[in-house]
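> What follows is structure-v2.pdb, PDB, C-alpha atoms, pLDDT in the B column.
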ATOM      1  CA  MET R   1     150.050  83.180 144.794  1.00 43.00           C
ATOM      2  CA  TRP R   2     153.761  83.015 144.047  1.00 49.00           C
ATOM      3  CA  PHE R   3     155.696  86.041 142.954  1.00 47.00           C
ATOM      4  CA  SER R   4     159.300  86.306 141.917  1.00 47.00           C
ATOM      5  CA  LYS R   5     161.514  88.607 143.937  1.00 51.00           C
ATOM      6  CA  SER R   6     162.641  90.059 140.645  1.00 68.00           C
ATOM      7  CA  LYS R   7     160.293  89.753 137.706  1.00 80.00           C
ATOM      8  CA  GLN R   8     163.149  91.012 135.545  1.00 84.00           C
ATOM      9  CA  ARG R   9     165.324  87.932 136.082  1.00 90.00           C
ATOM     10  CA  ILE R  10     164.605  84.644 134.334  1.00 93.00           C
ATOM     11  CA  PRO R  11     164.609  81.840 136.900  1.00 93.00           C
ATOM     12  CA  SER R  12     166.765  78.765 136.412  1.00 94.00           C
ATOM     13  CA  ALA R  13     165.074  75.450 135.680  1.00 95.00           C
ATOM     14  CA  SER R  14     165.534  74.414 139.320  1.00 95.00           C
ATOM     15  CA  GLU R  15     163.873  77.648 140.544  1.00 94.00           C
ATOM     16  CA  ALA R  16     160.907  77.436 138.148  1.00 95.00           C
ATOM     17  CA  LEU R  17     157.438  76.287 139.099  1.00 96.00           C
ATOM     18  CA  PRO R  18     156.779  72.585 138.397  1.00 96.00           C
ATOM     19  CA  GLY R  19     153.849  72.980 135.976  1.00 96.00           C
ATOM     20  CA  ARG R  20     151.690  70.109 134.783  1.00 97.00           C
ATOM     21  CA  THR R  21     151.388  67.455 132.102  1.00 97.00           C
ATOM     22  CA  GLU R  22     147.898  68.461 130.944  1.00 96.00           C
ATOM     23  CA  ARG R  23     147.794  70.686 127.884  1.00 94.00           C
ATOM     24  CA  MET R  24     145.640  73.818 128.015  1.00 94.00           C
ATOM     25  CA  ALA R  25     142.234  73.319 126.361  1.00 93.00           C
ATOM     26  CA  VAL R  26     141.715  75.691 123.435  1.00 93.00           C
ATOM     27  CA  PRO R  27     138.967  76.025 120.822  1.00 93.00           C
ATOM     28  CA  ASP R  28     139.273  74.081 117.585  1.00 94.00           C
ATOM     29  CA  THR R  29     139.027  77.175 115.393  1.00 96.00           C
ATOM     30  CA  HIS R  30     140.362  80.715 115.220  1.00 96.00           C
ATOM     31  CA  PHE R  31     137.733  83.219 116.399  1.00 96.00           C
ATOM     32  CA  VAL R  32     138.571  85.690 113.605  1.00 96.00           C
ATOM     33  CA  ASN R  33     139.074  83.563 110.503  1.00 95.00           C
ATOM     34  CA  GLY R  34     137.815  80.075 111.357  1.00 96.00           C
ATOM     35  CA  ALA R  35     141.194  78.378 110.689  1.00 95.00           C
ATOM     36  CA  ARG R  36     142.462  75.555 112.884  1.00 94.00           C
ATOM     37  CA  LEU R  37     144.151  76.588 116.099  1.00 93.00           C
ATOM     38  CA  SER R  38     146.024  73.329 116.605  1.00 91.00           C
ATOM     39  CA  PRO R  39     148.009  71.122 114.230  1.00 90.00           C
ATOM     40  CA  PRO R  40     147.788  69.499 111.835  1.00 92.00           C
ATOM     41  CA  PHE R  41     148.007  72.407 109.419  1.00 94.00           C
ATOM     42  CA  PRO R  42     147.964  72.081 105.617  1.00 93.00           C
ATOM     43  CA  ASP R  43     151.228  71.074 103.930  1.00 95.00           C
ATOM     44  CA  GLY R  44     153.515  73.880 102.786  1.00 96.00           C
ATOM     45  CA  LEU R  45     152.801  76.231 105.687  1.00 97.00           C
ATOM     46  CA  GLU R  46     155.495  77.505 108.035  1.00 97.00           C
ATOM     47  CA  ARG R  47     155.419  78.404 111.705  1.00 97.00           C
ATOM     48  CA  ALA R  48     157.206  81.163 113.579  1.00 97.00           C
ATOM     49  CA  VAL R  49     157.044  82.177 117.243  1.00 98.00           C
ATOM     50  CA  PHE R  50     157.415  85.784 118.394  1.00 98.00           C
ATOM     51  CA  ALA R  51     157.294  87.621 121.714  1.00 98.00           C
ATOM     52  CA  MET R  52     156.794  91.367 121.648  1.00 97.00           C
ATOM     53  CA  GLY R  53     155.124  92.326 124.910  1.00 96.00           C
ATOM     54  CA  CYS R  54     151.492  91.598 125.701  1.00 96.00           C
ATOM     55  CA  PHE R  55     150.389  88.806 123.386  1.00 97.00           C
ATOM     56  CA  TRP R  56     146.893  90.209 122.719  1.00 97.00           C
ATOM     57  CA  GLY R  57     148.022  93.124 120.541  1.00 96.00           C
ATOM     58  CA  ALA R  58     150.863  91.148 118.992  1.00 97.00           C
ATOM     59  CA  GLU R  59     148.473  88.414 117.879  1.00 98.00           C
ATOM     60  CA  ARG R  60     146.169  90.958 116.213  1.00 98.00           C
ATOM     61  CA  LYS R  61     149.064  92.435 114.218  1.00 98.00           C
ATOM     62  CA  PHE R  62     149.796  89.007 112.759  1.00 98.00           C
ATOM     63  CA  TRP R  63     146.222  87.809 112.094  1.00 98.00           C
ATOM     64  CA  GLU R  64     145.676  90.974 110.043  1.00 97.00           C
ATOM     65  CA  CYS R  65     148.481  90.002 107.623  1.00 97.00           C
ATOM     66  CA  GLU R  66     147.702  88.590 104.203  1.00 97.00           C
ATOM     67  CA  GLY R  67     149.143  85.091 104.056  1.00 98.00           C
ATOM     68  CA  VAL R  68     148.829  84.353 107.786  1.00 98.00           C
ATOM     69  CA  LEU R  69     146.515  81.385 108.194  1.00 97.00           C
ATOM     70  CA  SER R  70     146.327  81.097 111.968  1.00 97.00           C
ATOM     71  CA  THR R  71     147.631  82.665 115.163  1.00 98.00           C
ATOM     72  CA  GLN R  72     147.684  81.351 118.694  1.00 97.00           C
ATOM     73  CA  VAL R  73     148.792  82.988 121.924  1.00 98.00           C
ATOM     74  CA  GLY R  74     150.779  81.112 124.492  1.00 98.00           C
ATOM     75  CA  TYR R  75     154.000  80.809 126.378  1.00 98.00           C
ATOM     76  CA  ALA R  76     157.510  80.198 125.047  1.00 98.00           C
ATOM     77  CA  ALA R  77     161.154  80.106 126.136  1.00 97.00           C
ATOM     78  CA  GLY R  78     160.570  79.062 129.729  1.00 97.00           C
ATOM     79  CA  HIS R  79     160.967  76.058 131.980  1.00 97.00           C
ATOM     80  CA  THR R  80     157.514  75.258 133.388  1.00 98.00           C
ATOM     81  CA  PRO R  81     155.480  72.778 131.309  1.00 98.00           C
ATOM     82  CA  ASN R  82     151.925  73.926 130.482  1.00 98.00           C
ATOM     83  CA  PRO R  83     151.995  77.046 132.669  1.00 98.00           C
ATOM     84  CA  THR R  84     148.945  79.130 133.491  1.00 97.00           C
ATOM     85  CA  TYR R  85     148.759  82.870 132.825  1.00 97.00           C
ATOM     86  CA  GLU R  86     149.029  83.586 136.555  1.00 96.00           C
ATOM     87  CA  GLU R  87     152.148  81.432 136.829  1.00 97.00           C
ATOM     88  CA  VAL R  88     153.789  83.188 133.868  1.00 96.00           C
ATOM     89  CA  CYS R  89     152.950  86.583 135.399  1.00 94.00           C
ATOM     90  CA  SER R  90     154.560  85.511 138.687  1.00 93.00           C
ATOM     91  CA  GLY R  91     157.967  85.564 136.988  1.00 93.00           C
ATOM     92  CA  LEU R  92     158.643  81.995 138.162  1.00 95.00           C
ATOM     93  CA  THR R  93     158.280  80.073 134.885  1.00 97.00           C
ATOM     94  CA  GLY R  94     160.792  81.861 132.651  1.00 96.00           C
ATOM     95  CA  HIS R  95     158.205  82.070 129.901  1.00 97.00           C
ATOM     96  CA  ASN R  96     157.388  84.896 127.549  1.00 96.00           C
ATOM     97  CA  GLU R  97     153.926  85.836 126.315  1.00 98.00           C
ATOM     98  CA  ALA R  98     154.273  84.702 122.698  1.00 98.00           C
ATOM     99  CA  VAL R  99     152.392  84.293 119.431  1.00 98.00           C
ATOM    100  CA  LEU R 100     152.639  81.246 117.198  1.00 98.00           C
ATOM    101  CA  VAL R 101     152.121  82.410 113.610  1.00 98.00           C
ATOM    102  CA  VAL R 102     151.195  79.905 110.894  1.00 98.00           C
ATOM    103  CA  PHE R 103     151.785  81.407 107.464  1.00 98.00           C
ATOM    104  CA  ASP R 104     151.924  80.539 103.786  1.00 98.00           C
ATOM    105  CA  PRO R 105     155.410  81.429 102.466  1.00 97.00           C
ATOM    106  CA  ALA R 106     153.950  81.731  98.955  1.00 97.00           C
ATOM    107  CA  GLU R 107     151.882  84.705 100.188  1.00 98.00           C
ATOM    108  CA  ILE R 108     154.101  86.233 102.896  1.00 98.00           C
ATOM    109  CA  THR R 109     157.770  85.423 103.317  1.00 97.00           C
ATOM    110  CA  LEU R 110     159.494  84.787 106.607  1.00 98.00           C
ATOM    111  CA  GLU R 111     161.167  88.184 106.139  1.00 97.00           C
ATOM    112  CA  GLY R 112     157.699  89.722 105.749  1.00 98.00           C
ATOM    113  CA  VAL R 113     156.518  88.159 109.013  1.00 98.00           C
ATOM    114  CA  LEU R 114     159.748  89.285 110.685  1.00 98.00           C
ATOM    115  CA  GLY R 115     159.043  92.809 109.425  1.00 97.00           C
ATOM    116  CA  VAL R 116     155.721  92.785 111.278  1.00 98.00           C
ATOM    117  CA  PHE R 117     157.604  91.748 114.408  1.00 98.00           C
ATOM    118  CA  TRP R 118     160.261  94.478 114.185  1.00 97.00           C
ATOM    119  CA  ASP R 119     157.817  97.237 113.203  1.00 96.00           C
ATOM    120  CA  ASN R 120     155.282  96.675 115.981  1.00 97.00           C
ATOM    121  CA  HIS R 121     157.155  96.823 119.275  1.00 96.00           C
ATOM    122  CA  ASP R 122     160.264  98.326 120.852  1.00 96.00           C
ATOM    123  CA  PRO R 123     162.948  95.618 120.764  1.00 97.00           C
ATOM    124  CA  THR R 124     165.308  97.658 122.969  1.00 96.00           C
ATOM    125  CA  MET R 125     163.461  97.583 126.292  1.00 95.00           C
ATOM    126  CA  GLY R 126     164.817  94.413 127.908  1.00 94.00           C
ATOM    127  CA  MET R 127     162.343  92.824 130.308  1.00 94.00           C
ATOM    128  CA  ARG R 128     159.467  95.150 129.469  1.00 93.00           C
ATOM    129  CA  GLN R 129     157.278  96.783 126.851  1.00 94.00           C
ATOM    130  CA  GLY R 130     156.069 100.232 127.820  1.00 90.00           C
ATOM    131  CA  ASN R 131     154.531 100.054 131.302  1.00 91.00           C
ATOM    132  CA  ASP R 132     154.392  96.236 131.252  1.00 93.00           C
ATOM    133  CA  ILE R 133     157.385  95.006 133.256  1.00 92.00           C
ATOM    134  CA  GLY R 134     158.587  91.445 133.712  1.00 93.00           C
ATOM    135  CA  THR R 135     160.298  88.558 131.969  1.00 94.00           C
ATOM    136  CA  GLN R 136     157.066  87.672 130.155  1.00 96.00           C
ATOM    137  CA  TYR R 137     157.261  90.957 128.185  1.00 97.00           C
ATOM    138  CA  ARG R 138     160.765  90.553 126.737  1.00 97.00           C
ATOM    139  CA  SER R 139     161.322  90.660 122.990  1.00 98.00           C
ATOM    140  CA  GLY R 140     162.062  87.311 121.393  1.00 98.00           C
ATOM    141  CA  ILE R 141     162.147  85.303 118.193  1.00 98.00           C
ATOM    142  CA  TYR R 142     162.081  81.529 118.656  1.00 98.00           C
ATOM    143  CA  VAL R 143     163.498  79.851 115.590  1.00 96.00           C
ATOM    144  CA  ASP R 144     164.108  76.543 113.923  1.00 95.00           C
ATOM    145  CA  ARG R 145     167.447  76.020 112.166  1.00 93.00           C
ATOM    146  CA  ALA R 146     166.183  77.303 108.804  1.00 95.00           C
ATOM    147  CA  GLN R 147     164.852  80.551 110.321  1.00 97.00           C
ATOM    148  CA  ARG R 148     167.866  81.632 112.361  1.00 97.00           C
ATOM    149  CA  ALA R 149     169.778  83.347 109.536  1.00 97.00           C
ATOM    150  CA  ALA R 150     166.746  85.431 108.486  1.00 97.00           C
ATOM    151  CA  ALA R 151     165.988  86.424 112.082  1.00 98.00           C
ATOM    152  CA  GLU R 152     169.572  87.504 112.689  1.00 98.00           C
ATOM    153  CA  ALA R 153     169.826  89.311 109.331  1.00 98.00           C
ATOM    154  CA  THR R 154     166.674  91.337 109.979  1.00 97.00           C
ATOM    155  CA  ARG R 155     167.899  92.191 113.498  1.00 98.00           C
ATOM    156  CA  ASP R 156     171.247  93.310 112.085  1.00 97.00           C
ATOM    157  CA  ALA R 157     169.503  95.454 109.460  1.00 97.00           C
ATOM    158  CA  PHE R 158     167.074  97.012 111.961  1.00 95.00           C
ATOM    159  CA  ALA R 159     169.574  97.761 114.757  1.00 95.00           C
ATOM    160  CA  PRO R 160     171.392 100.634 112.938  1.00 96.00           C
ATOM    161  CA  LEU R 161     168.034 102.285 112.193  1.00 94.00           C
ATOM    162  CA  LEU R 162     167.179 102.189 115.882  1.00 94.00           C
ATOM    163  CA  ALA R 163     170.614 103.493 116.829  1.00 95.00           C
ATOM    164  CA  ALA R 164     170.254 106.383 114.377  1.00 96.00           C
ATOM    165  CA  ALA R 165     166.944 107.248 116.068  1.00 95.00           C
ATOM    166  CA  ARG R 166     168.783 107.227 119.438  1.00 96.00           C
ATOM    167  CA  PHE R 167     167.239 104.029 120.785  1.00 95.00           C
ATOM    168  CA  ASP R 168     169.168 101.711 123.080  1.00 95.00           C
ATOM    169  CA  PRO R 169     170.716  98.523 121.628  1.00 96.00           C
ATOM    170  CA  VAL R 170     168.417  95.695 120.572  1.00 97.00           C
ATOM    171  CA  THR R 171     167.714  93.244 123.419  1.00 97.00           C
ATOM    172  CA  THR R 172     165.656  90.767 121.382  1.00 98.00           C
ATOM    173  CA  GLU R 173     166.611  87.187 122.142  1.00 97.00           C
ATOM    174  CA  ILE R 174     166.893  84.908 119.118  1.00 98.00           C
ATOM    175  CA  VAL R 175     166.999  81.358 120.404  1.00 97.00           C
ATOM    176  CA  ASP R 176     166.097  77.861 119.286  1.00 97.00           C
ATOM    177  CA  ARG R 177     162.394  77.176 119.473  1.00 96.00           C
ATOM    178  CA  GLY R 178     161.403  74.950 122.345  1.00 96.00           C
ATOM    179  CA  PRO R 179     157.911  73.935 123.362  1.00 97.00           C
ATOM    180  CA  PHE R 180     155.073  76.386 122.754  1.00 97.00           C
ATOM    181  CA  TYR R 181     152.341  76.090 125.376  1.00 98.00           C
ATOM    182  CA  PHE R 182     148.877  77.410 124.530  1.00 98.00           C
ATOM    183  CA  ALA R 183     147.430  80.132 126.740  1.00 98.00           C
ATOM    184  CA  GLU R 184     143.973  79.737 128.182  1.00 97.00           C
ATOM    185  CA  GLU R 185     140.974  79.843 125.821  1.00 96.00           C
ATOM    186  CA  HIS R 186     139.872  83.347 126.866  1.00 96.00           C
ATOM    187  CA  HIS R 187     143.262  84.743 125.770  1.00 97.00           C
ATOM    188  CA  GLN R 188     142.978  83.364 122.209  1.00 97.00           C
ATOM    189  CA  GLN R 189     142.064  86.175 119.753  1.00 97.00           C
ATOM    190  CA  TYR R 190     141.196  88.252 122.813  1.00 97.00           C
ATOM    191  CA  LEU R 191     141.020  91.623 121.050  1.00 96.00           C
ATOM    192  CA  ALA R 192     138.433  90.287 118.575  1.00 95.00           C
ATOM    193  CA  ARG R 193     136.188  88.901 121.294  1.00 89.00           C
TER     194      ARG R 193
END
Could you spell out this file's structure in structure tokens?


Amino acid sequence: MWFSKSKQRIPSASEALPGRTERMAVPDTHFVNGARLSPPFPDGLERAVFAMGCFWGAERKFWECEGVLSTQVGYAAGHTPNPTYEEVCSGLTGHNEAVLVVFDPAEITLEGVLGVFWDNHDPTMGMRQGNDIGTQYRSGIYVDRAQRAAAEATRDAFAPLLAAARFDPVTTEIVDRGPFYFAEEHHQQYLAR
């Protein structure tokens, strides 16, 4: 098994594990609500990708929201194509444990989904959440062009509240959304299984 010398440093693309071309097999439907796990999704829905520590608890927070159609756990913001959980945990892929949230903006706005993100983890911890340490636990919002302004506005509104409560500065990365790679089947809706 490979392990990074420093699981708190994101490797460069040349240092990352090579990965694979095969996509991870996942079930067709969401264990909790029976919705599709993979596209295509109905017209009019939006997608957002969040990382807020261990993806199991983060996914549950989102699937409990009115207006969220589907959630999937996986890996985002790294270099290795189609990584495994063990590879992500090694610190040698650059990926984050992330949740892809599919939501109906007529029922919950992007700002509402962002509120769930900000309210349910500590976005000031850098490469960790609580006792979980490593690059895969960093706080992140992975956006398309239309979502960037809302993500940055909510960060800018939340940061002074954290500062007033004597938290460190926000370390959440807000970056363009790249590929989202599904995690293994047994990780999907794990806390409901």

> Using only C-alpha atoms, determine which residues lie at most 8 Å from Val170 (chain R), disregarding the query and same-chain residues fewer than 3 positions distant; provide the list as a PyMOL selection string.

chain R and resi 123-125+155+159

> Write out, as a PDB file, keeping the file's coordinate frame, the residues just selected, with C-alpha atoms.


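Produced file part_36.pdb, reproduced below:
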ATOM      1  CA  PRO R 123     162.948  95.618 120.764  1.00 97.00           C
ATOM      2  CA  THR R 124     165.308  97.658 122.969  1.00 96.00           C
ATOM      3  CA  MET R 125     163.461  97.583 126.292  1.00 95.00           C
ATOM      4  CA  ARG R 155     167.899  92.191 113.498  1.00 98.00           C
ATOM      5  CA  ALA R 159     169.574  97.761 114.757  1.00 95.00           C
TER       6      ALA R 159
END

> For this structure, which residues satisfy the selection - the PyMOL selection byres ((chain R and resi 47) around 9) - when it is evaluated on the file as given? I want them as number ranges by chain.

R: 45-46, 48-49, 100-104

> Pick the closest to Gly53 (chain R) from R:Leu110, R:Ala98, R:Ala146, R:Ala13: which is it, counting only C-alpha atoms?

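The shortest atom-to-atom distance to Gly53 (chain R) comes from R:Ala98.
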
> Counting all atoms listed in the file, which residue out of R:Arg166, R:Arg138, R:Arg9, R:Arg23 sits closest to Glu184 (chain R)?

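Between R:Arg166, R:Arg138, R:Arg9, R:Arg23, the residue approaching Glu184 (chain R) most closely is R:Arg23.
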
> Residues at most 12 Å from Glu22 (chain R), counting only C-alpha atoms, excluding those fewer than 4 positions away in the same chain, as a list in words?

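Listing them by chain and then by number gives Pro81, Asn82, Pro83, Thr84, Tyr181 and Phe182 of chain R.
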
> Using the chain letters and numbers from this file, what does the PyMOL selection byres ((chain R and resi 147) around 12) select? Give the answer as a VMD selection string.

chain R and resid 46 to 49 109 to 111 113 to 114 141 to 146 148 to 154 174 to 177

> Could you tell me how far CA of Lys61 (chain R) lies from CA of Phe158 (chain R), in Å and to one decimal?

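Interatomic distance, CA of Lys61 (chain R) to CA of Phe158 (chain R): 18.7 Å.
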